[in-house]
Amino acid sequence: SNPQQLETLVKLGFASKRKMLRNNLKSVVESDRLTPLLEKLEINPQARAEDLSVTQWIALANHLSFP
């Protein structure tokens with residue numbers, strides 16, 4: 001995994017604390033692509049950033065590619 005991409009993803013995920021993760025990430029991933037990915041990784045699509053484990057963050061970063 002790319003540590004810089006993981007760091008960027010986590011920063012985006014925690015950008016607005018009370019928002020659901022999918023809303024915080026919609027600037028880099030289309031929601032029609034993100035929701036199925038979250039479900040595939042067994043992450044609740046309505047989860048907030050603080051609900052994810054470190055392992056889930058790494059898995060998500062490994063499945064996404066963005067600048």
# chains A, B, ... in the order shown; residues from 1 in each chain; ligands from 1

$ residues_around --residues "segment 15-26 of chain A" --least-positions-apart "5" --cutoff "6 Å" --atoms "only C-alpha atoms" --output "list in words"
Gln46, Ala47, Arg48 and Ala49 of chain A

$ select_by_dssp --residues "chain A" --states "helix (DSSP H, G or I)" --output "VMD selection string"
chain A and resid 3 to 13 21 to 24 31 to 40 49 to 51 54 to 63

$ closest_residue --among "A:Glu50, A:Leu37, A:Ile43, A:Gln4" --to "His63 of chain A" --atoms "only C-alpha atoms"
A:Leu37

$ atom_distance --atom1 "atom CA of Val10 of chain A" --atom2 "atom CA of Arg33 of chain A"
18.2 Å

$ closest_residue --among "A:Lys40, A:Leu52, A:Trp57, A:Thr8" --to "Val28 of chain A" --atoms "only C-alpha atoms"
A:Thr8
